[in-house]
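K.L.:
Next comes the structure file data_31.tsv, holding TSV, C-alpha atoms and all ligand atoms.
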```tsv
chain	number	residue	atom	x	y	z
A	13	MET	CA	-38.38	4.31	14.63
A	14	GLU	CA	-36.50	7.48	13.67
A	15	MET	CA	-33.25	5.44	13.34
A	16	MET	CA	-35.06	2.94	11.11
A	17	ARG	CA	-36.35	5.76	8.88
A	18	ILE	CA	-32.83	7.24	8.58
A	19	SER	CA	-31.39	3.84	7.73
A	20	ILE	CA	-34.07	3.15	5.05
A	21	HIS	CA	-33.56	6.67	3.68
A	22	ARG	CA	-29.80	6.14	3.57
A	23	ARG	CA	-30.14	2.78	1.80
A	24	LEU	CA	-32.57	4.33	-0.71
A	25	LEU	CA	-30.16	7.21	-1.36
A	26	CYS	CA	-27.29	4.74	-1.84
A	27	SER	CA	-29.21	2.66	-4.36
A	28	VAL	CA	-30.37	5.79	-6.23
A	29	TYR	CA	-26.77	7.00	-6.30
A	30	LYS	CA	-25.59	3.61	-7.53
A	31	VAL	CA	-28.16	3.64	-10.34
A	32	VAL	CA	-27.09	7.20	-11.32
A	33	LEU	CA	-23.42	6.25	-11.04
A	34	ARG	CA	-23.82	3.07	-13.06
A	35	SER	CA	-25.38	5.12	-15.83
A	36	TYR	CA	-22.01	6.78	-16.44
A	37	VAL	CA	-19.35	4.62	-14.77
A	38	ASN	CA	-19.66	1.24	-16.41
A	39	SER	CA	-16.12	1.51	-17.66
A	40	CYS	CA	-13.12	3.72	-16.96
A	41	ARG	CA	-9.46	4.36	-17.67
A	42	ALA	CA	-7.00	1.89	-16.17
A	43	VAL	CA	-3.44	0.65	-16.60
A	44	LEU	CA	-3.54	-3.03	-17.54
A	45	LEU	CA	-0.78	-5.59	-17.16
A	46	PRO	CA	-1.53	-8.16	-19.90
A	47	ARG	CA	1.78	-10.08	-19.42
A	48	PHE	CA	4.89	-9.84	-17.27
A	49	GLY	CA	7.85	-7.83	-18.49
A	50	GLY	CA	9.48	-4.39	-18.56
A	51	PRO	CA	7.63	-1.05	-18.36
A	52	GLU	CA	6.72	-1.43	-22.06
A	53	VAL	CA	4.10	-4.10	-21.26
A	54	LEU	CA	1.92	-1.60	-19.37
A	55	GLN	CA	-1.15	-0.51	-21.36
A	56	VAL	CA	-3.40	2.47	-20.62
A	57	HIS	CA	-6.96	1.54	-21.64
A	58	SER	CA	-9.92	3.93	-21.58
A	59	ASP	CA	-12.74	1.39	-21.38
A	60	VAL	CA	-11.94	-1.11	-18.63
A	61	PRO	CA	-15.14	-2.44	-16.98
A	62	VAL	CA	-15.98	-1.26	-13.45
A	63	PRO	CA	-17.48	-4.25	-11.62
A	64	ASP	CA	-20.60	-3.94	-9.45
A	65	LEU	CA	-19.78	-3.09	-5.85
A	66	LYS	CA	-20.12	-5.82	-3.24
A	67	PRO	CA	-21.98	-4.71	-0.08
A	68	ASN	CA	-18.72	-3.98	1.84
A	69	GLU	CA	-16.93	-2.18	-1.02
A	70	VAL	CA	-16.17	1.46	-1.76
A	71	LEU	CA	-15.70	2.97	-5.22
A	72	VAL	CA	-12.99	5.63	-5.07
A	73	ARG	CA	-12.47	8.28	-7.76
A	74	SER	CA	-8.67	8.12	-7.73
A	75	ARG	CA	-6.73	11.39	-7.75
A	76	ALA	CA	-3.26	10.05	-6.93
A	77	VAL	CA	-1.79	6.53	-6.70
A	78	SER	CA	1.77	5.94	-5.57
A	79	ILE	CA	4.22	3.43	-6.98
A	80	ASN	CA	5.43	0.76	-4.55
A	81	PRO	CA	8.28	-1.69	-5.21
A	82	LEU	CA	5.57	-4.39	-5.27
A	83	ASP	CA	4.10	-2.77	-8.43
A	84	THR	CA	7.32	-2.88	-10.44
A	85	ARG	CA	8.14	-6.33	-9.11
A	86	MET	CA	4.65	-7.70	-9.94
A	87	ARG	CA	5.00	-6.18	-13.42
A	88	SER	CA	8.27	-8.13	-13.81
A	89	GLY	CA	6.71	-11.42	-12.71
A	90	TYR	CA	7.12	-11.47	-8.91
A	91	GLY	CA	4.18	-13.49	-7.57
A	92	ARG	CA	3.55	-15.08	-10.99
A	93	SER	CA	2.47	-18.28	-9.23
A	94	ILE	CA	-0.54	-16.31	-7.94
A	95	PHE	CA	-1.13	-13.69	-10.66
A	96	GLU	CA	-0.35	-15.42	-13.99
A	97	PRO	CA	-3.70	-17.26	-14.24
A	98	LEU	CA	-5.48	-13.95	-13.48
A	99	LEU	CA	-3.88	-11.73	-16.18
A	100	PRO	CA	-4.67	-9.09	-17.27
A	101	ILE	CA	-4.54	-7.42	-13.88
A	102	ILE	CA	-4.41	-3.80	-12.72
A	103	LEU	CA	-1.33	-2.84	-10.68
A	104	GLY	CA	-1.26	-0.40	-7.74
A	105	ARG	CA	-1.98	-0.65	-4.00
A	106	ASP	CA	-2.15	2.94	-2.69
A	107	VAL	CA	-4.84	5.47	-3.53
A	108	SER	CA	-6.04	8.90	-2.50
A	109	GLY	CA	-9.26	10.33	-3.94
A	110	GLU	CA	-12.97	10.80	-3.30
A	111	VAL	CA	-15.72	8.29	-2.54
A	112	ALA	CA	-17.79	7.89	-5.72
A	113	ALA	CA	-20.17	5.20	-4.45
A	114	ILE	CA	-20.56	2.82	-1.53
A	115	GLY	CA	-21.84	-0.73	-1.17
A	116	ALA	CA	-25.08	-1.39	0.71
A	117	SER	CA	-23.43	-2.24	4.05
A	118	VAL	CA	-20.80	0.53	4.15
A	119	ARG	CA	-21.33	2.76	7.20
A	120	SER	CA	-18.06	4.61	7.87
A	121	LEU	CA	-17.89	6.68	4.65
A	122	VAL	CA	-20.16	8.89	2.55
A	123	VAL	CA	-20.15	9.74	-1.15
A	124	GLY	CA	-17.96	12.76	-1.93
A	125	GLN	CA	-15.67	12.28	1.11
A	126	GLU	CA	-11.92	12.55	0.56
A	127	VAL	CA	-10.27	9.25	1.45
A	128	PHE	CA	-6.99	7.36	1.30
A	129	GLY	CA	-6.13	3.71	1.67
A	130	ALA	CA	-4.28	0.68	0.36
A	131	LEU	CA	-5.31	-2.63	-1.13
A	132	HIS	CA	-3.83	-5.83	0.31
A	133	PRO	CA	-0.83	-7.34	-1.56
A	134	THR	CA	-2.77	-9.95	-3.56
A	135	ALA	CA	-5.63	-7.76	-4.90
A	136	ILE	CA	-5.92	-8.19	-8.68
A	137	ARG	CA	-7.92	-5.03	-9.50
A	138	GLY	CA	-5.37	-2.51	-8.29
A	139	THR	CA	-5.49	1.27	-8.01
A	140	TYR	CA	-3.90	2.43	-11.30
A	141	THR	CA	-7.36	3.41	-12.52
A	142	ASP	CA	-9.76	6.36	-12.40
A	143	TYR	CA	-12.12	4.25	-10.29
A	144	ALA	CA	-10.57	1.94	-7.71
A	145	ILE	CA	-12.56	-0.50	-5.57
A	146	LEU	CA	-11.50	-1.14	-1.97
A	147	PRO	CA	-13.16	-3.00	0.91
A	148	GLU	CA	-14.42	-0.56	3.57
A	149	ASN	CA	-11.72	-1.66	6.04
A	150	GLU	CA	-8.92	-0.70	3.62
A	151	VAL	CA	-9.93	2.95	3.21
A	152	THR	CA	-10.59	5.87	5.57
A	153	ALA	CA	-10.77	9.68	5.65
A	154	LYS	CA	-7.72	11.31	4.05
A	155	PRO	CA	-5.48	13.29	6.43
A	156	SER	CA	-6.86	16.79	5.93
A	157	SER	CA	-3.39	18.34	6.16
A	158	LEU	CA	-2.10	16.39	3.15
A	159	SER	CA	-2.73	16.73	-0.60
A	160	HIS	CA	-3.88	13.67	-2.56
A	161	VAL	CA	-0.32	13.26	-3.89
A	162	GLU	CA	1.17	13.31	-0.37
A	163	ALA	CA	-1.55	11.05	1.07
A	164	SER	CA	-1.18	8.42	-1.66
A	165	ALA	CA	2.47	7.89	-0.72
A	166	ILE	CA	1.62	6.64	2.75
A	167	PRO	CA	-0.86	3.77	3.41
A	168	PHE	CA	0.81	0.64	1.93
A	169	ALA	CA	4.27	1.46	3.27
A	170	ALA	CA	3.05	2.74	6.63
A	171	LEU	CA	0.72	-0.24	7.17
A	172	THR	CA	3.61	-2.61	6.41
A	173	ALA	CA	5.71	-0.82	9.02
A	174	TRP	CA	2.73	-0.73	11.38
A	175	ARG	CA	2.30	-4.49	11.18
A	176	ALA	CA	5.99	-5.17	11.65
A	177	LEU	CA	6.20	-2.94	14.71
A	178	LYS	CA	2.83	-3.47	16.36
A	179	SER	CA	1.87	-7.08	15.48
A	180	THR	CA	5.21	-8.80	14.86
A	181	ALA	CA	7.70	-6.96	17.10
A	182	ARG	CA	5.04	-5.71	19.58
A	183	ILE	CA	7.05	-2.60	20.38
A	184	SER	CA	6.49	-0.65	23.55
A	185	GLU	CA	7.56	2.72	24.92
A	186	GLY	CA	11.20	3.03	25.91
A	187	GLN	CA	12.45	0.06	23.81
A	188	ARG	CA	15.51	0.33	21.56
A	189	ILE	CA	14.62	-0.45	17.90
A	190	LEU	CA	16.91	-0.99	14.89
A	191	VAL	CA	15.17	-0.26	11.55
A	192	VAL	CA	17.10	-1.96	8.73
A	193	GLY	CA	16.80	0.09	5.51
A	194	GLY	CA	15.33	3.28	6.94
A	195	GLY	CA	15.79	5.18	3.64
A	196	GLY	CA	12.75	3.68	1.89
A	197	ALA	CA	9.07	4.38	2.46
A	198	VAL	CA	8.55	1.34	4.73
A	199	GLY	CA	11.68	1.97	6.77
A	200	PHE	CA	11.05	5.69	7.03
A	201	SER	CA	7.48	5.01	8.20
A	202	ALA	CA	8.83	2.52	10.75
A	203	ILE	CA	11.19	5.13	12.18
A	204	GLN	CA	8.40	7.69	12.54
A	205	LEU	CA	5.93	5.16	14.01
A	206	ALA	CA	8.51	3.86	16.50
A	207	VAL	CA	9.50	7.39	17.53
A	208	ALA	CA	5.80	8.27	17.97
A	209	ALA	CA	5.45	5.15	20.19
A	210	GLY	CA	8.26	6.45	22.42
A	211	CYS	CA	11.04	4.10	21.27
A	212	HIS	CA	14.75	4.88	20.83
A	213	VAL	CA	15.48	4.26	17.15
A	214	ALA	CA	18.68	3.44	15.27
A	215	THR	CA	18.61	2.76	11.53
A	216	THR	CA	20.62	1.62	8.51
A	217	CYS	CA	20.31	3.55	5.22
A	218	GLY	CA	22.20	5.01	2.27
A	219	ARG	CA	24.54	7.92	3.01
A	220	GLU	CA	22.26	10.48	1.29
A	221	SER	CA	19.37	9.56	3.62
A	222	VAL	CA	21.21	10.01	6.94
A	223	ASP	CA	20.06	13.59	7.63
A	224	ARG	CA	16.43	12.73	6.86
A	225	MET	CA	16.61	9.78	9.31
A	226	LEU	CA	17.99	11.94	12.09
A	227	LYS	CA	15.43	14.70	11.46
A	228	ALA	CA	12.65	12.08	11.71
A	229	GLY	CA	13.85	11.20	15.22
A	230	ALA	CA	16.35	8.34	14.70
A	231	GLU	CA	19.18	8.62	17.23
A	232	GLN	CA	21.71	6.82	15.01
A	233	ALA	CA	21.97	6.05	11.24
A	234	VAL	CA	24.39	3.40	9.78
A	235	ASP	CA	24.72	0.89	6.78
A	236	TYR	CA	22.12	-0.97	4.66
A	237	VAL	CA	21.13	-4.71	4.19
A	238	ALA	CA	18.36	-6.39	2.08
A	239	GLU	CA	16.87	-9.89	2.08
A	240	GLY	CA	14.46	-11.97	-0.09
A	241	GLU	CA	10.75	-12.70	0.43
A	242	ALA	CA	8.44	-15.76	0.36
A	243	ALA	CA	6.79	-15.09	-3.06
A	244	SER	CA	10.17	-15.52	-4.84
A	245	LEU	CA	10.38	-19.10	-3.56
A	246	ALA	CA	6.74	-19.74	-4.56
A	247	ASP	CA	7.52	-18.38	-8.06
A	248	ASN	CA	10.54	-20.67	-8.39
A	249	TYR	CA	9.09	-23.87	-6.92
A	250	GLY	CA	5.30	-23.41	-7.10
A	251	LEU	CA	2.98	-22.53	-4.21
A	252	ALA	CA	2.81	-26.07	-2.75
A	253	ILE	CA	6.59	-26.37	-2.35
A	254	GLY	CA	7.61	-22.67	-2.30
A	255	LEU	CA	5.56	-21.60	0.72
A	256	PRO	CA	6.78	-24.42	3.03
A	257	LEU	CA	10.33	-23.72	1.77
A	258	ALA	CA	9.90	-20.04	2.67
A	259	LYS	CA	8.64	-20.98	6.13
A	260	GLY	CA	11.66	-23.28	6.51
A	261	ALA	CA	14.06	-20.50	5.45
A	262	GLU	CA	12.48	-18.13	7.96
A	263	LEU	CA	12.68	-20.78	10.72
A	264	LYS	CA	16.36	-21.42	9.95
A	265	LYS	CA	17.11	-17.72	10.32
A	266	GLN	CA	15.03	-17.48	13.49
A	267	ILE	CA	17.07	-20.28	15.08
A	268	LYS	CA	20.38	-18.87	13.81
A	269	TYR	CA	19.74	-15.35	15.08
A	270	ARG	CA	18.26	-16.53	18.38
A	271	TYR	CA	21.33	-18.64	19.23
A	272	SER	CA	24.01	-16.36	17.80
A	273	HIS	CA	22.78	-12.99	19.10
A	274	GLY	CA	19.61	-13.59	21.15
A	275	ILE	CA	17.63	-11.80	18.38
A	276	GLU	CA	13.97	-12.63	17.53
A	277	TYR	CA	13.80	-12.75	13.69
A	278	SER	CA	10.52	-12.68	11.65
A	279	TRP	CA	9.30	-11.88	8.15
A	280	THR	CA	6.31	-9.58	8.02
A	281	TYR	CA	3.77	-8.70	5.32
A	282	MET	CA	1.47	-5.79	4.71
A	283	ARG	CA	-2.14	-6.56	5.49
A	284	ALA	CA	-5.34	-4.54	5.87
A	285	ASP	CA	-5.61	-3.03	9.34
A	286	PHE	CA	-8.43	-0.52	9.78
A	287	GLU	CA	-7.36	0.64	13.27
A	288	GLY	CA	-3.79	0.96	12.01
A	289	LEU	CA	-4.91	3.08	9.06
A	290	ILE	CA	-6.84	5.40	11.39
A	291	GLU	CA	-3.81	5.78	13.71
A	292	ILE	CA	-1.63	6.45	10.66
A	293	ARG	CA	-4.04	9.20	9.56
A	294	LYS	CA	-3.94	10.77	13.05
A	295	LEU	CA	-0.12	10.76	13.04
A	296	CYS	CA	-0.13	12.37	9.57
A	297	ASP	CA	-2.49	15.09	10.77
A	298	ALA	CA	-0.32	15.62	13.86
A	299	GLY	CA	2.67	16.17	11.54
A	300	ARG	CA	4.43	13.06	12.94
A	301	LEU	CA	4.29	10.85	9.84
A	302	LYS	CA	5.14	11.86	6.29
A	303	ILE	CA	6.75	10.19	3.27
A	304	PRO	CA	8.39	12.71	0.94
A	305	VAL	CA	7.27	12.48	-2.71
A	306	ASP	CA	10.20	12.87	-5.13
A	307	LYS	CA	8.27	13.21	-8.40
A	308	THR	CA	4.79	12.97	-9.92
A	309	PHE	CA	3.78	11.73	-13.39
A	310	PRO	CA	0.36	11.84	-15.08
A	311	ILE	CA	-1.09	8.31	-15.24
A	312	THR	CA	-0.70	8.42	-19.03
A	313	GLN	CA	3.09	8.40	-18.46
A	314	VAL	CA	3.03	5.31	-16.26
A	315	LYS	CA	5.68	3.58	-18.42
A	316	ASP	CA	8.14	6.47	-17.88
A	317	ALA	CA	7.42	6.36	-14.15
A	318	HIS	CA	8.19	2.62	-14.00
A	319	VAL	CA	11.38	3.14	-16.05
A	320	ALA	CA	12.46	5.79	-13.53
A	321	LYS	CA	11.92	3.37	-10.64
A	322	ASP	CA	13.48	0.35	-12.42
A	323	LYS	CA	16.62	2.30	-13.32
A	324	LYS	CA	16.71	3.99	-9.90
A	325	ILE	CA	16.71	7.39	-11.63
A	326	ILE	CA	14.37	8.63	-8.90
A	327	PRO	CA	15.32	7.15	-5.50
A	328	GLY	CA	12.29	8.38	-3.52
A	329	LYS	CA	8.52	8.01	-3.83
A	330	VAL	CA	6.89	8.42	-7.25
A	331	VAL	CA	3.18	9.22	-7.52
A	332	LEU	CA	0.87	8.92	-10.55
A	333	GLU	CA	-1.76	11.66	-10.86
A	334	LEU	CA	-5.24	11.10	-12.31
A	335	SER	CA	-7.13	14.23	-13.30
A	401	LIG	N1	6.37	-7.81	2.83
A	401	LIG	C1	5.56	-6.82	2.50
A	401	LIG	O1	4.31	-6.89	2.66
A	401	LIG	C2	6.16	-5.57	1.94
A	401	LIG	C3	5.39	-4.40	1.86
A	401	LIG	C4	5.98	-3.24	1.38
A	401	LIG	C5	7.32	-3.30	0.95
A	401	LIG	N2	8.00	-4.46	1.00
A	401	LIG	C6	9.41	-4.55	0.53
A	401	LIG	O2	10.19	-3.72	1.36
A	401	LIG	C7	11.24	-3.12	0.58
A	401	LIG	C8	11.21	-1.60	0.78
A	401	LIG	O3	9.98	-1.07	0.27
A	401	LIG	P1	9.80	0.51	0.23
A	401	LIG	O4	8.41	0.82	-0.20
A	401	LIG	O5	10.29	1.09	1.50
A	401	LIG	O6	10.82	0.88	-0.97
A	401	LIG	P2	11.38	2.29	-1.45
A	401	LIG	O7	10.65	3.41	-0.80
A	401	LIG	O8	11.42	2.28	-2.93
A	401	LIG	O9	12.89	2.26	-0.90
A	401	LIG	C9	13.85	1.36	-1.42
A	401	LIG	C10	15.25	1.96	-1.23
A	401	LIG	O10	15.37	3.10	-2.05
A	401	LIG	C11	16.13	4.10	-1.40
A	401	LIG	N3	15.30	5.30	-1.20
A	401	LIG	C12	13.97	5.37	-1.06
A	401	LIG	N4	13.56	6.64	-0.90
A	401	LIG	C13	14.67	7.39	-0.94
A	401	LIG	C14	14.91	8.78	-0.85
A	401	LIG	N5	13.89	9.64	-0.68
A	401	LIG	N6	16.19	9.20	-0.92
A	401	LIG	C15	17.20	8.33	-1.10
A	401	LIG	N7	17.04	7.00	-1.20
A	401	LIG	C16	15.79	6.55	-1.12
A	401	LIG	C17	16.54	3.55	-0.04
A	401	LIG	O11	17.87	3.08	-0.15
A	401	LIG	P3	18.89	3.14	1.09
A	401	LIG	O12	18.27	2.27	2.15
A	401	LIG	O13	20.13	2.61	0.50
A	401	LIG	O14	18.96	4.54	1.56
A	401	LIG	C18	15.52	2.45	0.17
A	401	LIG	O15	15.98	1.42	1.01
A	401	LIG	C19	11.01	-3.54	-0.87
A	401	LIG	O16	11.85	-4.63	-1.15
A	401	LIG	C20	9.57	-3.98	-0.88
A	401	LIG	O17	9.28	-4.92	-1.89
A	401	LIG	C21	7.46	-5.60	1.50
```
Have the structure of the file written as structure tokens, please.

P.N.:
Amino acid sequence: MEMMRISIHRRLLCSVYKVVLRSYVNSCRAVLLPRFGGPEVLQVHSDVPVPDLKPNEVLVRSRAVSINPLDTRMRSGYGRSIFEPLLPIILGRDVSGEVAAIGASVRSLVVGQEVFGALHPTAIRGTYTDYAILPENEVTAKPSSLSHVEASAIPFAALTAWRALKSTARISEGQRILVVGGGGAVGFSAIQLAVAAGCHVATTCGRESVDRMLKAGAEQAVDYVAEGEAASLADNYGLAIGLPLAKGAELKKQIKYRYSHGIEYSWTYMRADFEGLIEIRKLCDAGRLKIPVDKTFPITQVKDAHVAKDKKIIPGKVVLELS
């Protein structure tokens, strides 16, 4: 009976809060991508509608959103086979901020709580906005030891690494792991996650990153290699042909590597993983996972921030601040 009263009270409070919130957050500032192109196509608008929350969604007052390679690539047209019919879209995956409102079925978070999280790769209302909307399983309490700027650098990259290590490679304690491209946010997360799981880690990276790799627990740091992804093939040939082609390309490499070197080869993609996000937060709070932030820009200077990433003026993580 008491539980029922609490639950009714909570639902009542939520709907009152939503009514109050709706009275002043019907629209907000956001960076829109109206067409694909260079940084100049990005537009900061002050009156972008905030949709009603679905029952499982959380409205986050964004304080910091980091720039991922996916953002600059989407801006340039990567994934156009998926995103072109949906333009204008809002870029951005990562966010750190405070809960501004919750949908009717959200149980794990309360209004006012500091949170961080990342949207899945195909979300069309991204986080470059004062008010981001994320499903409950894509957001959790912010690591208390980190600022919003530091926290926003982590979820998308770390969850990508998490999936590669835990779901695809299924790493276990004592294994030897090679992280290709350890210098970036995904690779650097992978090193720290693998070290925390008790693995022996070697990595490839640029010369300037070697010390950072070794300090993070890698036992060896050597050269760097990069490869393409499935969405490029879908962009070139359309979804119906591009995705099977991508699967075929992956299969060809799997066979090649298996027979030439006995190596299991797979492509992996970021996806929402609530347990993973919670483990990532715990590792952050334990001081075992961190992604250094090279520079911050106010959201109003989003074009300059994208120029800096496109031209590789700033090699490390760039974060946009929203005050
Ligand atoms: N499939 C998916 O779901 C998924 C998800 C996330 C990312 N990705 C892809 O994975 C790749 C890496 O992403 P990312 O977020 O790790 O990119 P990133 O942080 O921008 O890193 C890219 C490269 O920049 C250099 N770099 C980064 N931080 C540096 C620093 N502090 N100091 C010096 N150099 C630094 C590194 O070069 P060196 O290695 O030469 O040192 C690194 O490999 C991208 O192609 C991205 O699109 C895919």

K.L.:
Between CA of Gly299 in chain A and CA of Ala165 in chain A, what is the distance, to one decimal in Å?

P.N.:
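It comes out at 14.8 Å.
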
K.L.:
Point out the residue among A:His273, A:Lys264, A:Lys324, A:Arg119 with the least atom-to-atom distance to ligand LIG 401 (chain A), counting all atoms listed in the file.

P.N.:
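Under the stated criterion, the closest residue is A:Lys324.
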
K.L.:
Work out how far CA of Val222 in chain A is from atom C10 of ligand LIG 401 (chain A), in Å to one decimal.

P.N.:
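For atom C10 of ligand LIG 401 (chain A) relative to CA of Val222 in chain A, the distance reads 12.9 Å.
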
K.L.:
Just the number, please: distance in Å from atom N7 of ligand LIG 401 (chain A) to CA of Ser335 in chain A, one decimal.

P.N.:
28.0 Å

K.L.:
Calculated over all atoms listed in the file, which of the candidates A:Asp142, A:Asp247, A:Glu126, A:Glu96 has the smallest distance to Arg41 in chain A?

P.N.:
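Going through A:Asp142, A:Asp247, A:Glu126, A:Glu96 one by one, the smallest distance to Arg41 in chain A is for A:Asp142.
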
K.L.:
Go through A:Leu289, A:Ala258, A:Val123, A:Val331 and flag the residue nearest Tyr140 in chain A, using all atoms listed in the file for the distances.

P.N.:
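Among the listed residues, A:Val331 lies closest to Tyr140 in chain A.
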
K.L.:
Nearest residue to Gly193 in chain A out of A:Glu150, A:Ala233, A:Glu262, A:Lys329, using only C-alpha atoms?

P.N.:
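Ranked by minimum distance to Gly193 in chain A, first place goes to A:Ala233.
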
K.L.:
Which residues of range 195-303 of chain A come within 12 Å of range 152-162 of chain A, and for each one, what is the closest pair of atoms and their distance in Å to one decimal, counting all atoms listed in the file, sorted by chain and residue number, as JSON lines?

P.N.:
```
{"residue": "A:Ala284", "atom": "CA", "partner": "A:Thr152", "partner_atom": "CA", "distance": 11.7}
{"residue": "A:Asp285", "atom": "CA", "partner": "A:Thr152", "partner_atom": "CA", "distance": 10.9}
{"residue": "A:Phe286", "atom": "CA", "partner": "A:Thr152", "partner_atom": "CA", "distance": 8.0}
{"residue": "A:Glu287", "atom": "CA", "partner": "A:Thr152", "partner_atom": "CA", "distance": 9.9}
{"residue": "A:Gly288", "atom": "CA", "partner": "A:Thr152", "partner_atom": "CA", "distance": 10.6}
{"residue": "A:Leu289", "atom": "CA", "partner": "A:Thr152", "partner_atom": "CA", "distance": 7.2}
{"residue": "A:Ile290", "atom": "CA", "partner": "A:Thr152", "partner_atom": "CA", "distance": 6.9}
{"residue": "A:Glu291", "atom": "CA", "partner": "A:Pro155", "partner_atom": "CA", "distance": 10.6}
{"residue": "A:Ile292", "atom": "CA", "partner": "A:Pro155", "partner_atom": "CA", "distance": 8.9}
{"residue": "A:Arg293", "atom": "CA", "partner": "A:Pro155", "partner_atom": "CA", "distance": 5.3}
{"residue": "A:Lys294", "atom": "CA", "partner": "A:Pro155", "partner_atom": "CA", "distance": 7.2}
{"residue": "A:Leu295", "atom": "CA", "partner": "A:Pro155", "partner_atom": "CA", "distance": 8.9}
{"residue": "A:Cys296", "atom": "CA", "partner": "A:Pro155", "partner_atom": "CA", "distance": 6.3}
{"residue": "A:Asp297", "atom": "CA", "partner": "A:Pro155", "partner_atom": "CA", "distance": 5.6}
{"residue": "A:Ala298", "atom": "CA", "partner": "A:Ser157", "partner_atom": "CA", "distance": 8.7}
{"residue": "A:Gly299", "atom": "CA", "partner": "A:Ser157", "partner_atom": "CA", "distance": 8.4}
{"residue": "A:Arg300", "atom": "CA", "partner": "A:Ser157", "partner_atom": "CA", "distance": 11.6}
{"residue": "A:Leu301", "atom": "CA", "partner": "A:Pro155", "partner_atom": "CA", "distance": 10.6}
{"residue": "A:Lys302", "atom": "CA", "partner": "A:Glu162", "partner_atom": "CA", "distance": 7.9}
{"residue": "A:Ile303", "atom": "CA", "partner": "A:Glu162", "partner_atom": "CA", "distance": 7.4}
```

K.L.:
Dump C-alpha atoms for the selected residues as a PDB file, in the coordinates of the input?

P.N.:
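Contents of part15.pdb, freshly written:
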```
ATOM      1  CA  ALA A 284      -5.340  -4.540   5.870  1.00  0.00           C
ATOM      2  CA  ASP A 285      -5.610  -3.030   9.340  1.00  0.00           C
ATOM      3  CA  PHE A 286      -8.430  -0.520   9.780  1.00  0.00           C
ATOM      4  CA  GLU A 287      -7.360   0.640  13.270  1.00  0.00           C
ATOM      5  CA  GLY A 288      -3.790   0.960  12.010  1.00  0.00           C
ATOM      6  CA  LEU A 289      -4.910   3.080   9.060  1.00  0.00           C
ATOM      7  CA  ILE A 290      -6.840   5.400  11.390  1.00  0.00           C
ATOM      8  CA  GLU A 291      -3.810   5.780  13.710  1.00  0.00           C
ATOM      9  CA  ILE A 292      -1.630   6.450  10.660  1.00  0.00           C
ATOM     10  CA  ARG A 293      -4.040   9.200   9.560  1.00  0.00           C
ATOM     11  CA  LYS A 294      -3.940  10.770  13.050  1.00  0.00           C
ATOM     12  CA  LEU A 295      -0.120  10.760  13.040  1.00  0.00           C
ATOM     13  CA  CYS A 296      -0.130  12.370   9.570  1.00  0.00           C
ATOM     14  CA  ASP A 297      -2.490  15.090  10.770  1.00  0.00           C
ATOM     15  CA  ALA A 298      -0.320  15.620  13.860  1.00  0.00           C
ATOM     16  CA  GLY A 299       2.670  16.170  11.540  1.00  0.00           C
ATOM     17  CA  ARG A 300       4.430  13.060  12.940  1.00  0.00           C
ATOM     18  CA  LEU A 301       4.290  10.850   9.840  1.00  0.00           C
ATOM     19  CA  LYS A 302       5.140  11.860   6.290  1.00  0.00           C
ATOM     20  CA  ILE A 303       6.750  10.190   3.270  1.00  0.00           C
TER      21      ILE A 303
END
```

K.L.:
In file coordinates, which residues lie within 12 Å of (-8.5, 4.3, -8.4) using all atoms listed in the file, given as JSON, numbers by chain?

P.N.:
{"A": [40, 41, 42, 43, 62, 70, 71, 72, 73, 74, 75, 76, 77, 78, 102, 103, 104, 105, 106, 107, 108, 109, 110, 111, 112, 127, 128, 129, 130, 131, 137, 138, 139, 140, 141, 142, 143, 144, 145, 146, 151, 160, 164, 311, 332, 333, 334, 335]}

K.L.:
Would you put the residues from that selection into a file with C-alpha atoms, as a short mmCIF file (atom, residue, chain, number, x, y, z; two decimals), in the coordinates of the input?

P.N.:
```
data_model
loop_
_atom_site.label_atom_id
_atom_site.label_comp_id
_atom_site.auth_asym_id
_atom_site.auth_seq_id
_atom_site.Cartn_x
_atom_site.Cartn_y
_atom_site.Cartn_z
CA CYS A 40 -13.12 3.72 -16.96
CA ARG A 41 -9.46 4.36 -17.67
CA ALA A 42 -7.00 1.89 -16.17
CA VAL A 43 -3.44 0.65 -16.60
CA VAL A 62 -15.98 -1.26 -13.45
CA VAL A 70 -16.17 1.46 -1.76
CA LEU A 71 -15.70 2.97 -5.22
CA VAL A 72 -12.99 5.63 -5.07
CA ARG A 73 -12.47 8.28 -7.76
CA SER A 74 -8.67 8.12 -7.73
CA ARG A 75 -6.73 11.39 -7.75
CA ALA A 76 -3.26 10.05 -6.93
CA VAL A 77 -1.79 6.53 -6.70
CA SER A 78 1.77 5.94 -5.57
CA ILE A 102 -4.41 -3.80 -12.72
CA LEU A 103 -1.33 -2.84 -10.68
CA GLY A 104 -1.26 -0.40 -7.74
CA ARG A 105 -1.98 -0.65 -4.00
CA ASP A 106 -2.15 2.94 -2.69
CA VAL A 107 -4.84 5.47 -3.53
CA SER A 108 -6.04 8.90 -2.50
CA GLY A 109 -9.26 10.33 -3.94
CA GLU A 110 -12.97 10.80 -3.30
CA VAL A 111 -15.72 8.29 -2.54
CA ALA A 112 -17.79 7.89 -5.72
CA VAL A 127 -10.27 9.25 1.45
CA PHE A 128 -6.99 7.36 1.30
CA GLY A 129 -6.13 3.71 1.67
CA ALA A 130 -4.28 0.68 0.36
CA LEU A 131 -5.31 -2.63 -1.13
CA ARG A 137 -7.92 -5.03 -9.50
CA GLY A 138 -5.37 -2.51 -8.29
CA THR A 139 -5.49 1.27 -8.01
CA TYR A 140 -3.90 2.43 -11.30
CA THR A 141 -7.36 3.41 -12.52
CA ASP A 142 -9.76 6.36 -12.40
CA TYR A 143 -12.12 4.25 -10.29
CA ALA A 144 -10.57 1.94 -7.71
CA ILE A 145 -12.56 -0.50 -5.57
CA LEU A 146 -11.50 -1.14 -1.97
CA VAL A 151 -9.93 2.95 3.21
CA HIS A 160 -3.88 13.67 -2.56
CA SER A 164 -1.18 8.42 -1.66
CA ILE A 311 -1.09 8.31 -15.24
CA LEU A 332 0.87 8.92 -10.55
CA GLU A 333 -1.76 11.66 -10.86
CA LEU A 334 -5.24 11.10 -12.31
CA SER A 335 -7.13 14.23 -13.30
#
```
